$ cat upload_22.txt   # compact mmCIF, C-alpha atoms
# COMPACT_ATOMS: atom_id res chain seq x y z
CA MET X 1 -41.82 -19.89 16.84
CA LYS X 2 -40.17 -22.61 14.77
CA GLU X 3 -41.68 -21.16 11.63
CA MET X 4 -40.36 -17.71 12.50
CA MET X 5 -36.84 -19.10 12.95
CA VAL X 6 -37.05 -20.80 9.56
CA ILE X 7 -38.13 -17.54 7.90
CA LEU X 8 -35.43 -15.54 9.68
CA LEU X 9 -32.55 -17.93 9.01
CA SER X 10 -33.49 -18.61 5.41
CA ALA X 11 -33.74 -14.88 4.74
CA ILE X 12 -30.25 -14.38 6.18
CA LEU X 13 -28.41 -17.39 4.80
CA VAL X 14 -30.25 -19.16 1.99
CA ASP X 15 -32.22 -16.47 0.18
CA ASN X 16 -29.71 -13.75 0.94
CA PHE X 17 -30.93 -10.59 -0.77
CA VAL X 18 -27.59 -9.62 -2.21
CA LEU X 19 -25.99 -12.93 -2.99
CA SER X 20 -28.91 -14.97 -4.25
CA LYS X 21 -31.54 -12.43 -5.30
CA PHE X 22 -29.20 -9.68 -6.51
CA MET X 23 -31.19 -6.99 -4.76
CA GLY X 24 -29.10 -4.13 -3.49
CA VAL X 25 -26.06 -5.01 -5.58
CA CYS X 26 -25.28 -1.33 -6.24
CA PRO X 27 -24.70 -0.42 -2.58
CA PHE X 28 -23.13 -3.82 -2.07
CA LEU X 29 -20.43 -2.92 -4.58
CA GLY X 30 -20.44 0.81 -3.89
CA VAL X 31 -20.28 1.01 -0.11
CA SER X 32 -18.36 -2.13 0.76
CA LYS X 33 -14.91 -0.57 0.53
CA LYS X 34 -14.52 -0.12 4.24
CA VAL X 35 -15.98 -2.06 7.10
CA ASP X 36 -17.23 1.06 8.95
CA SER X 37 -19.22 2.44 6.05
CA ALA X 38 -20.54 -1.05 5.28
CA PHE X 39 -21.75 -1.28 8.87
CA GLY X 40 -23.41 2.15 8.84
CA MET X 41 -25.12 1.52 5.53
CA SER X 42 -26.47 -1.87 6.57
CA LEU X 43 -27.78 -0.54 9.89
CA ALA X 44 -29.70 2.10 7.97
CA VAL X 45 -31.02 -0.56 5.58
CA ILE X 46 -32.22 -2.84 8.40
CA PHE X 47 -34.00 0.07 10.03
CA VAL X 48 -35.71 1.26 6.86
CA MET X 49 -36.63 -2.28 5.76
CA LEU X 50 -38.36 -2.98 9.08
CA MET X 51 -40.18 0.33 9.17
CA ALA X 52 -41.16 0.18 5.50
CA THR X 53 -42.64 -3.28 6.03
CA ALA X 54 -44.48 -2.12 9.14
CA VAL X 55 -46.05 0.73 7.16
CA THR X 56 -46.68 -0.84 3.75
CA TYR X 57 -48.19 -4.10 4.98
CA PRO X 58 -51.23 -2.55 6.75
CA ILE X 59 -51.72 -0.10 3.90
CA TYR X 60 -51.80 -2.94 1.40
CA THR X 61 -54.08 -5.27 3.38
CA LEU X 62 -56.42 -2.63 4.79
CA LEU X 63 -56.52 -0.04 2.03
CA LEU X 64 -55.48 -1.42 -1.34
CA ALA X 65 -56.61 -5.07 -1.29
CA PRO X 66 -60.22 -4.54 -0.05
CA TYR X 67 -60.88 -2.00 -2.80
CA GLY X 68 -59.25 -3.99 -5.62
CA LEU X 69 -56.41 -1.51 -5.99
CA GLU X 70 -53.57 -4.05 -5.86
CA TYR X 71 -52.15 -2.70 -9.09
CA LEU X 72 -51.31 0.59 -7.40
CA ARG X 73 -48.93 -1.06 -5.01
CA ILE X 74 -45.71 -0.18 -6.86
CA VAL X 75 -46.57 3.52 -6.96
CA VAL X 76 -47.81 3.55 -3.37
CA PHE X 77 -44.95 1.54 -1.91
CA ILE X 78 -42.17 3.50 -3.57
CA LEU X 79 -43.76 6.77 -2.48
CA ILE X 80 -44.09 5.51 1.08
CA ILE X 81 -40.47 4.41 1.12
CA ALA X 82 -39.27 7.73 -0.34
CA LEU X 83 -41.37 9.74 2.12
CA PHE X 84 -40.37 7.51 4.97
CA VAL X 85 -36.66 7.87 4.30
CA GLN X 86 -37.06 11.66 4.28
CA LEU X 87 -39.02 11.53 7.51
CA VAL X 88 -36.45 9.35 9.24
CA GLU X 89 -33.75 11.76 8.14
CA ILE X 90 -35.60 14.76 9.57
CA VAL X 91 -36.47 13.03 12.84
CA LEU X 92 -32.96 11.72 13.37
CA LYS X 93 -31.42 15.08 12.58
CA ARG X 94 -33.65 16.80 15.11
CA PHE X 95 -33.74 14.29 17.98
CA ILE X 96 -30.82 11.86 17.74
CA PRO X 97 -28.03 13.84 16.08
CA SER X 98 -25.38 11.24 16.95
CA LEU X 99 -27.25 8.53 15.05
CA TYR X 100 -27.91 10.98 12.23
CA LYS X 101 -24.21 11.64 11.99
CA ALA X 102 -23.54 7.93 11.68
CA LEU X 103 -26.33 7.03 9.24
CA GLY X 104 -27.22 10.35 7.62
CA VAL X 105 -25.24 10.03 4.41
CA TYR X 106 -26.58 6.56 3.70
CA LEU X 107 -30.26 7.34 4.13
CA PRO X 108 -31.02 9.06 0.81
CA LEU X 109 -29.33 6.18 -1.01
CA ILE X 110 -31.81 3.72 0.40
CA THR X 111 -34.79 5.02 -1.56
CA THR X 112 -33.37 3.48 -4.69
CA ASN X 113 -32.11 0.34 -2.98
CA CYS X 114 -34.14 -2.39 -4.61
CA ALA X 115 -33.82 -4.61 -1.55
CA VAL X 116 -36.16 -2.33 0.40
CA LEU X 117 -38.89 -2.23 -2.24
CA GLY X 118 -38.17 -5.89 -2.92
CA VAL X 119 -38.76 -7.02 0.66
CA THR X 120 -42.09 -5.19 0.93
CA LEU X 121 -43.33 -6.66 -2.35
CA LEU X 122 -42.05 -10.18 -1.62
CA ASN X 123 -43.73 -10.28 1.79
CA ILE X 124 -47.05 -9.74 0.08
CA ASP X 125 -46.34 -12.16 -2.76
CA ASP X 126 -45.37 -14.85 -0.25
CA GLY X 127 -48.60 -14.39 1.68
CA TYR X 128 -46.90 -13.72 5.02
CA THR X 129 -48.82 -12.45 8.04
CA PHE X 130 -47.84 -9.14 9.61
CA SER X 131 -45.47 -10.66 12.17
CA GLN X 132 -43.97 -13.03 9.60
CA SER X 133 -43.38 -10.06 7.29
CA LEU X 134 -41.51 -8.20 10.02
CA VAL X 135 -39.33 -11.24 10.71
CA SER X 136 -38.58 -11.68 7.02
CA ALA X 137 -37.69 -7.96 6.73
CA LEU X 138 -35.36 -8.28 9.71
CA GLY X 139 -33.78 -11.39 8.19
CA GLY X 140 -33.38 -9.66 4.84
CA GLY X 141 -31.68 -6.69 6.49
CA LEU X 142 -29.39 -8.86 8.58
CA GLY X 143 -28.50 -10.88 5.49
CA PHE X 144 -27.64 -7.65 3.68
CA MET X 145 -25.43 -6.63 6.60
CA LEU X 146 -23.67 -10.02 6.72
CA ALA X 147 -22.95 -9.94 2.99
CA LEU X 148 -21.75 -6.32 3.06
CA ILE X 149 -19.44 -6.70 6.04
CA LEU X 150 -17.98 -10.02 4.92
CA PHE X 151 -17.35 -8.52 1.54
CA ALA X 152 -15.81 -5.33 2.87
CA GLY X 153 -13.18 -7.49 4.56
CA ILE X 154 -12.46 -9.34 1.34
CA ARG X 155 -12.23 -6.14 -0.67
CA GLN X 156 -9.55 -4.68 1.52
CA LYS X 157 -7.46 -7.74 0.64
CA ILE X 158 -8.20 -7.40 -3.09
CA ASP X 159 -7.19 -3.75 -3.14
CA SER X 160 -3.77 -4.54 -1.75
CA SER X 161 -2.99 -7.43 -4.11
CA GLU X 162 -1.35 -7.41 -7.53
CA LEU X 163 -3.79 -8.10 -10.35
CA PRO X 164 -3.62 -8.12 -14.14
CA ASN X 165 -4.58 -4.68 -15.42
CA ALA X 166 -7.83 -5.77 -17.02
CA PHE X 167 -9.05 -7.28 -13.75
CA LYS X 168 -8.27 -4.31 -11.53
CA GLY X 169 -11.29 -2.79 -9.81
CA MET X 170 -14.69 -3.99 -10.83
CA PRO X 171 -13.96 -7.36 -12.52
CA ALA X 172 -11.94 -8.68 -9.57
CA THR X 173 -14.67 -7.48 -7.20
CA LEU X 174 -17.35 -9.29 -9.17
CA VAL X 175 -15.40 -12.53 -9.35
CA ALA X 176 -14.82 -12.33 -5.59
CA ALA X 177 -18.56 -11.75 -5.11
CA SER X 178 -19.15 -14.88 -7.13
CA ILE X 179 -16.96 -16.91 -4.78
CA VAL X 180 -18.74 -15.50 -1.71
CA SER X 181 -22.04 -16.38 -3.36
CA VAL X 182 -20.88 -19.97 -3.95
CA SER X 183 -19.97 -20.29 -0.29
CA PHE X 184 -23.45 -19.14 0.70
CA GLY X 185 -24.82 -21.82 -1.64
CA GLY X 186 -23.60 -24.30 0.95
CA PHE X 187 -26.37 -23.19 3.29
CA SER X 188 -29.21 -24.34 1.04
CA GLY X 189 -31.16 -27.09 2.74
CA VAL X 190 -29.39 -26.51 6.07
CA VAL X 191 -32.15 -24.38 7.55
CA GLU X 192 -34.94 -26.81 6.78
CA GLY X 193 -32.82 -29.68 8.08
CA MET X 194 -32.05 -27.85 11.32
CA PHE X 195 -35.65 -27.85 12.50
CA GLN X 196 -36.69 -31.35 11.54
CA MET Z 197 -29.93 15.23 -37.05
CA LYS Z 198 -26.29 14.31 -36.55
CA GLY Z 199 -26.58 15.33 -32.89
CA GLY Z 200 -29.61 13.08 -32.50
CA LEU Z 201 -27.79 10.05 -33.85
CA LYS Z 202 -24.92 10.74 -31.50
CA VAL Z 203 -27.27 10.87 -28.51
CA PHE Z 204 -28.85 7.58 -29.62
CA LEU Z 205 -25.58 5.70 -30.15
CA ASN Z 206 -24.05 7.10 -26.96
CA GLY Z 207 -26.33 4.90 -24.86
CA ILE Z 208 -25.63 1.77 -26.86
CA LEU Z 209 -21.85 1.94 -27.05
CA LYS Z 210 -19.90 4.72 -25.38
CA GLU Z 211 -21.98 4.97 -22.25
CA ASN Z 212 -23.60 1.55 -22.21
CA PRO Z 213 -25.46 1.64 -18.90
CA VAL Z 214 -24.51 -1.86 -17.75
CA LEU Z 215 -21.17 -2.59 -19.36
CA VAL Z 216 -19.59 0.85 -19.04
CA LEU Z 217 -21.48 2.85 -16.40
CA MET Z 218 -22.31 -0.26 -14.34
CA LEU Z 219 -25.76 0.82 -13.35
CA GLY Z 220 -28.84 -1.32 -12.91
CA MET Z 221 -26.99 -4.41 -11.93
CA CYS Z 222 -29.78 -6.09 -9.94
CA PRO Z 223 -31.92 -7.03 -12.95
CA SER Z 224 -28.89 -7.57 -15.17
CA LEU Z 225 -27.66 -10.35 -12.94
CA ALA Z 226 -30.90 -11.77 -11.60
CA ILE Z 227 -32.89 -12.59 -14.72
CA THR Z 228 -30.18 -13.34 -17.27
CA THR Z 229 -30.17 -17.10 -16.76
CA VAL Z 230 -31.60 -17.39 -20.29
CA ALA Z 231 -31.12 -15.05 -23.24
CA SER Z 232 -34.82 -14.54 -23.97
CA ASN Z 233 -35.48 -13.21 -20.45
CA GLY Z 234 -32.66 -10.74 -21.00
CA ILE Z 235 -34.36 -9.41 -24.13
CA GLY Z 236 -37.75 -9.24 -22.41
CA MET Z 237 -36.38 -7.39 -19.41
CA GLY Z 238 -34.35 -5.10 -21.66
CA LEU Z 239 -37.31 -4.14 -23.82
CA ALA Z 240 -39.54 -3.60 -20.79
CA THR Z 241 -36.90 -1.26 -19.35
CA THR Z 242 -36.57 0.48 -22.73
CA PHE Z 243 -40.30 1.14 -22.73
CA VAL Z 244 -40.17 2.64 -19.23
CA LEU Z 245 -37.07 4.70 -20.04
CA LEU Z 246 -38.59 6.07 -23.23
CA GLY Z 247 -41.89 6.90 -21.54
CA SER Z 248 -40.42 8.46 -18.44
CA ASN Z 249 -37.80 10.44 -20.38
CA VAL Z 250 -40.46 11.92 -22.67
CA VAL Z 251 -42.89 12.78 -19.88
CA ILE Z 252 -40.23 14.20 -17.58
CA SER Z 253 -38.82 16.29 -20.39
CA LEU Z 254 -42.34 17.62 -21.08
CA VAL Z 255 -43.07 18.59 -17.47
CA LYS Z 256 -39.56 19.60 -16.44
CA LYS Z 257 -40.50 23.24 -16.03
CA LEU Z 258 -43.57 22.47 -13.89
CA ILE Z 259 -41.82 20.45 -11.20
CA PRO Z 260 -40.27 22.43 -8.33
CA LYS Z 261 -36.64 21.50 -7.80
CA ALA Z 262 -37.10 20.37 -4.20
CA VAL Z 263 -39.61 17.62 -5.01
CA ARG Z 264 -38.23 16.53 -8.35
CA LEU Z 265 -36.89 13.14 -7.28
CA PRO Z 266 -40.20 11.91 -5.75
CA SER Z 267 -42.04 13.27 -8.80
CA PHE Z 268 -39.71 11.44 -11.17
CA ILE Z 269 -40.16 8.23 -9.19
CA VAL Z 270 -43.95 8.46 -9.39
CA ILE Z 271 -43.84 8.99 -13.16
CA ILE Z 272 -41.49 6.02 -13.52
CA ALA Z 273 -43.69 3.85 -11.26
CA GLY Z 274 -46.68 4.68 -13.45
CA PHE Z 275 -44.91 3.40 -16.56
CA VAL Z 276 -43.75 0.29 -14.72
CA THR Z 277 -47.35 -0.47 -13.76
CA ILE Z 278 -48.41 -0.04 -17.41
CA ILE Z 279 -45.73 -2.41 -18.74
CA GLY Z 280 -46.65 -4.88 -15.98
CA PHE Z 281 -50.28 -4.91 -17.14
CA LEU Z 282 -49.36 -5.22 -20.81
CA MET Z 283 -46.96 -8.06 -20.17
CA GLU Z 284 -49.38 -9.94 -17.93
CA ALA Z 285 -52.02 -9.76 -20.67
CA TYR Z 286 -49.96 -10.52 -23.76
CA LEU Z 287 -46.80 -12.30 -22.58
CA PRO Z 288 -47.84 -14.23 -19.45
CA ASP Z 289 -44.87 -16.63 -19.64
CA LEU Z 290 -42.34 -13.81 -19.66
CA TYR Z 291 -44.32 -12.07 -16.90
CA ASP Z 292 -43.95 -15.15 -14.68
CA ALA Z 293 -40.28 -15.56 -15.56
CA LEU Z 294 -39.41 -11.97 -14.64
CA GLY Z 295 -41.55 -12.04 -11.50
CA ILE Z 296 -40.71 -9.41 -8.92
CA TYR Z 297 -37.85 -8.01 -10.99
CA LEU Z 298 -40.39 -6.46 -13.33
CA SER Z 299 -41.72 -4.31 -10.47
CA LEU Z 300 -38.18 -3.52 -9.43
CA ILE Z 301 -37.60 -1.61 -12.70
CA VAL Z 302 -38.88 1.34 -10.62
CA VAL Z 303 -35.69 1.45 -8.60
CA ASN Z 304 -33.38 0.70 -11.52
CA CYS Z 305 -30.80 3.45 -11.15
CA ILE Z 306 -30.44 3.86 -14.93
CA ILE Z 307 -33.92 5.29 -15.28
CA LEU Z 308 -33.66 7.78 -12.45
CA ALA Z 309 -30.16 8.72 -13.56
CA ARG Z 310 -31.28 9.52 -17.12
CA ALA Z 311 -34.27 11.47 -15.83
CA GLU Z 312 -32.04 13.55 -13.60
CA VAL Z 313 -29.08 14.00 -15.92
CA PHE Z 314 -30.66 14.09 -19.36
CA ALA Z 315 -34.43 14.39 -19.59
CA SER Z 316 -34.75 17.22 -17.06
CA GLN Z 317 -32.30 19.34 -19.08
CA ASN Z 318 -32.95 18.48 -22.72
CA SER Z 319 -35.67 18.76 -25.36
CA VAL Z 320 -38.35 16.10 -25.77
CA GLY Z 321 -36.93 14.71 -29.01
CA LYS Z 322 -33.42 14.34 -27.64
CA SER Z 323 -34.72 12.79 -24.41
CA ALA Z 324 -36.71 10.22 -26.38
CA LEU Z 325 -33.61 9.28 -28.39
CA ASP Z 326 -31.54 9.10 -25.23
CA GLY Z 327 -34.11 6.84 -23.58
CA LEU Z 328 -34.24 4.60 -26.64
CA GLY Z 329 -30.46 4.40 -26.93
CA MET Z 330 -29.89 3.73 -23.24
CA GLY Z 331 -32.68 1.14 -23.24
CA LEU Z 332 -31.30 -0.69 -26.26
CA GLY Z 333 -27.82 -0.58 -24.76
CA PHE Z 334 -29.25 -2.14 -21.62
CA THR Z 335 -31.04 -4.78 -23.73
CA LEU Z 336 -27.84 -5.57 -25.63
CA ALA Z 337 -25.88 -6.04 -22.40
CA LEU Z 338 -28.57 -8.28 -20.90
CA PHE Z 339 -28.74 -10.30 -24.10
CA ILE Z 340 -24.97 -10.89 -24.09
CA LEU Z 341 -24.98 -11.89 -20.41
CA GLY Z 342 -28.02 -14.11 -20.87
CA SER Z 343 -26.59 -15.81 -23.97
CA VAL Z 344 -23.31 -16.69 -22.27
CA ARG Z 345 -25.02 -17.99 -19.16
CA GLU Z 346 -27.63 -19.99 -21.07
CA LEU Z 347 -25.08 -21.55 -23.45
CA LEU Z 348 -22.72 -22.65 -20.70
CA GLY Z 349 -25.27 -23.32 -18.00
CA SER Z 350 -28.12 -25.05 -19.84
CA GLY Z 351 -26.56 -25.90 -23.21
CA THR Z 352 -29.28 -24.04 -25.08
CA TRP Z 353 -29.62 -20.65 -26.75
CA MET Z 354 -32.99 -18.90 -26.91
CA GLY Z 355 -34.48 -22.28 -25.96
CA ILE Z 356 -32.79 -24.21 -28.80
CA GLU Z 357 -30.44 -27.11 -28.02
CA VAL Z 358 -26.93 -26.12 -29.06
CA THR Z 359 -24.20 -27.93 -27.22
CA ALA Z 360 -25.99 -31.27 -26.75
CA ASN Z 361 -23.05 -33.43 -27.93
CA LEU Z 362 -20.21 -31.08 -27.10
CA PHE Z 363 -20.17 -30.80 -23.31
CA GLU Z 364 -22.32 -31.27 -20.27
CA PRO Z 365 -24.07 -28.05 -19.22
CA ILE Z 366 -22.28 -26.49 -16.25
CA ARG Z 367 -24.96 -25.68 -13.68
CA PHE Z 368 -22.70 -23.15 -11.98
CA PHE Z 369 -23.41 -20.58 -14.68
CA VAL Z 370 -27.14 -20.40 -14.04
CA THR Z 371 -26.67 -20.01 -10.27
CA PRO Z 372 -26.39 -16.50 -8.79
CA ALA Z 373 -22.66 -17.05 -8.34
CA GLY Z 374 -22.32 -17.71 -12.07
CA GLY Z 375 -24.02 -14.37 -12.74
CA PHE Z 376 -21.39 -12.42 -10.81
CA PHE Z 377 -18.63 -14.46 -12.42
CA VAL Z 378 -19.72 -14.05 -16.05
CA PHE Z 379 -20.35 -10.34 -15.54
CA GLY Z 380 -16.88 -9.88 -14.04
CA ILE Z 381 -15.21 -11.71 -16.92
CA ILE Z 382 -17.15 -9.75 -19.56
CA ILE Z 383 -16.15 -6.43 -18.00
CA ALA Z 384 -12.53 -7.57 -17.89
CA LEU Z 385 -12.70 -8.57 -21.58
CA ILE Z 386 -14.13 -5.20 -22.50
CA GLY Z 387 -11.28 -3.62 -20.57
CA ILE Z 388 -8.76 -5.62 -22.62
CA ILE Z 389 -10.44 -4.83 -25.95
CA THR Z 390 -10.83 -1.11 -25.31
CA LYS Z 391 -7.50 -0.91 -23.44
CA ARG Z 392 -9.20 1.10 -20.73
CA GLU Z 393 -8.92 0.50 -17.06
CA PRO Z 394 -12.31 -0.71 -15.86
CA LYS Z 395 -14.17 1.75 -13.70
CA LYS Z 396 -14.18 1.14 -10.01
CA ALA Z 397 -17.66 0.58 -8.63
CA GLY Z 398 -21.35 1.13 -9.21
CA CYS Z 399 -22.67 4.13 -7.37
CA GLN Z 400 -19.65 6.38 -7.69
CA ASN Z 401 -20.01 6.48 -11.46
CA CYS Z 402 -23.69 7.17 -11.27
CA PRO Z 403 -24.29 10.62 -12.68
CA SER Z 404 -26.98 11.22 -10.09
CA ALA Z 405 -24.72 10.30 -7.19
CA GLU Z 406 -24.67 13.94 -6.15
CA SER Z 407 -28.40 14.13 -5.66
CA CYS Z 408 -28.91 10.76 -4.02
CA GLY Z 409 -26.29 11.32 -1.38
CA MET Z 410 -23.61 9.00 -2.66
CA ALA Z 411 -21.32 11.99 -2.98
CA GLY Z 412 -21.43 12.30 0.80
CA VAL Z 413 -20.39 8.69 1.20
CA ASN Z 414 -17.48 9.16 -1.16
CA LYS Z 415 -16.38 12.19 0.75
CA THR Z 416 -16.42 10.43 4.11
CA GLU Z 417 -14.56 7.48 2.64
CA LYS Z 418 -11.91 9.80 1.29
CA GLU Z 419 -11.65 11.71 4.53
CA GLY Z 420 -11.35 8.46 6.45
CA ALA Z 421 -8.57 7.24 4.18

$ encode --input "upload_22.txt" --output "structure tokens"
Amino acid sequence: MKEMMVILLSAILVDNFVLSKFMGVCPFLGVSKKVDSAFGMSLAVIFVMLMATAVTYPIYTLLLAPYGLEYLRIVVFILIIALFVQLVEIVLKRFIPSLYKALGVYLPLITTNCAVLGVTLLNIDDGYTFSQSLVSALGGGLGFMLALILFAGIRQKIDSSELPNAFKGMPATLVAASIVSVSFGGFSGVVEGMFQ
Amino acid sequence: MKGGLKVFLNGILKENPVLVLMLGMCPSLAITTVASNGIGMGLATTFVLLGSNVVISLVKKLIPKAVRLPSFIVIIAGFVTIIGFLMEAYLPDLYDALGIYLSLIVVNCIILARAEVFASQNSVGKSALDGLGMGLGFTLALFILGSVRELLGSGTWMGIEVTANLFEPIRFFVTPAGGFFVFGIIIALIGIITKREPKKAGCQNCPSAESCGMAGVNKTEKEGA
């Protein structure tokens, strides 16, 4: 249990996918203009990350690894994620239209979100068990959500402030992201210390 | 021939994927703590871009429109696997330094964007030039980012001591936060030099936004506002 908490909290705070690994920076900068869309996007990401891990992990350990096909994992994983996103879209559209309405537009974007492929590959590189992988995927998704929502709040402030012309838009956003990333740096070491 | 040169230079300067279009930011920020990693990552991406652009341009008429994105992704993933093998065999140090980001070239939006916007509509020769130009533009951007961060953050350049007696290296620049910061400043400088207002954000500029669903997001954001 303790180990699970360490994995979960370090995935959210210390090894945050966006702010310390730079995975999913495109949606981080693209969809963080408003808090609602940031929330919808991150919910979809959490969902897909968890499901993708649940599907890719058994396929890797039961199908690819025993037959020495580890090198196929990039091709297999990205196909699974792409197929899976399509499937989720179809199922949601048919059975839970309200959820589809909320998440629908964000789903196709997720195929090319490197955080999703990243989390499935990292779980295997780190030698996690199945349950540990799921926890780390959940932590990664929650970390993505935290970063996105925090940042959406900050961006609304930036948009309404007066800036030098050259800094308007992207540069100011990036510098603000840098400051948020520094603040997350304060968490390093905290998680390990918490459980000692 | 003149058209070919224009296509080639377009990727390096006018539509530089990182500095102007702002695509593929994950690897640009993650591995550019030293300049040499930037070059390695850039050349690996160039290889994948060149290969996928050529193959996609060759088979563009065979792929049904409905399944083109998954097909493109599989072709790209194949090339990424090849470059992974080559690098592991011949450049093991670089392979370790790039780590997972080498695999993540698959989801680099630049490659999919060029496949969708250029290679699936143009001849093989032009697509190859476009891939080469875009790849070298990407390499150039990564090299600039990596050089700045390495000089300020570690006091070295391509592994050579440079600023040993001038100032203490500032660790901030090799942290993730430093990556965002340097990138922001460089974009602002480019804005001042070219007297252009910097573009707004990543995905919206992506030429393939329409097909990946980003257009829908933009629309809802506009409607909401």

$ atom_distance --input "upload_22.txt" --atom1 "CA of Ala38 (chain X)" --atom2 "CA of Phe144 (chain X)"
9.8 Å

$ closest_residue --input "upload_22.txt" --among "Z:Leu341, Z:Leu332, Z:Val203, Z:Ala240" --to "Asn318 (chain Z)" --atoms "all atoms listed in the file"
Z:Val203

$ residues_near_point --input "upload_22.txt" --point "(-34.7, 10.3, 2.3)" --cutoff "9 Å" --atoms "only C-alpha atoms" --output "list in words"
Ile81, Ala82, Leu83, Phe84, Val85, Gln86, Leu87, Val88, Glu89, Ile90, Leu107, Pro108, Leu109, Ile110 and Thr111 of chain X; Cys408 of chain Z

$ residues_around --input "upload_22.txt" --residues "region 147-164 of chain X" --least-positions-apart "5" --cutoff "7 Å" --atoms "only C-alpha atoms" --output "list of chain:residue names"
X:Val18, X:Phe28, X:Ser32, X:Lys33, X:Lys34, X:Val35, X:Ala38, X:Phe39

$ write_last_selection --input "upload_22.txt" --atoms "C-alpha atoms" --output "compact mmCIF listing (two decimals), keeping the file's coordinate frame"
# COMPACT_ATOMS: atom_id res chain seq x y z
CA VAL X 18 -27.59 -9.62 -2.21
CA PHE X 28 -23.13 -3.82 -2.07
CA SER X 32 -18.36 -2.13 0.76
CA LYS X 33 -14.91 -0.57 0.53
CA LYS X 34 -14.52 -0.12 4.24
CA VAL X 35 -15.98 -2.06 7.10
CA ALA X 38 -20.54 -1.05 5.28
CA PHE X 39 -21.75 -1.28 8.87

$ interface_residues --input "upload_22.txt" --of "chain X" --to "chain Z" --cutoff "6 Å" --atoms "only C-alpha atoms" --output "list in words"
Ser20, Phe22, Met23, Val25, Cys26, Gly30, Val75, Val105, Pro108, Leu109, Thr112, Cys114, Ala166, Phe167, Gly169, Met170, Pro171, Leu174, Val175, Ser178, Ser181 and Val182 of chain X

$ atom_distance --input "upload_22.txt" --atom1 "CA of Met4 (chain X)" --atom2 "CA of Val191 (chain X)"
11.7 Å

$ atom_distance --input "upload_22.txt" --atom1 "CA of Gly185 (chain X)" --atom2 "CA of Ile366 (chain Z)"
15.5 Å

$ closest_residue --input "upload_22.txt" --among "X:Met5, X:Met49, X:Ala54, X:Leu117" --to "Val76 (chain X)" --atoms "only C-alpha atoms"
X:Leu117

$ closest_residue --input "upload_22.txt" --among "X:Leu63, X:Ala176, X:Val31, X:Leu122" --to "Ala137 (chain X)" --atoms "only C-alpha atoms"
X:Leu122

$ residues_around --input "upload_22.txt" --residues "region 229-239 of chain Z" --least-positions-apart "4" --cutoff "7 Å" --atoms "only C-alpha atoms" --output "ChimeraX atom specification"
/Z:243,290,331,334-335,338-339,342-343,345-346,353-354,370

$ closest_residue --input "upload_22.txt" --among "Z:Ile340, Z:Leu362, Z:Met330, Z:Val263" --to "Ala309 (chain Z)" --atoms "all atoms listed in the file"
Z:Met330

$ closest_residue --input "upload_22.txt" --among "X:Tyr128, X:Leu8, X:Leu13, X:Lys101" --to "Gly40 (chain X)" --atoms "all atoms listed in the file"
X:Lys101

$ closest_residue --input "upload_22.txt" --among "Z:Ala285, Z:Leu215, Z:Leu201, Z:Val244" --to "Arg310 (chain Z)" --atoms "all atoms listed in the file"
Z:Val244
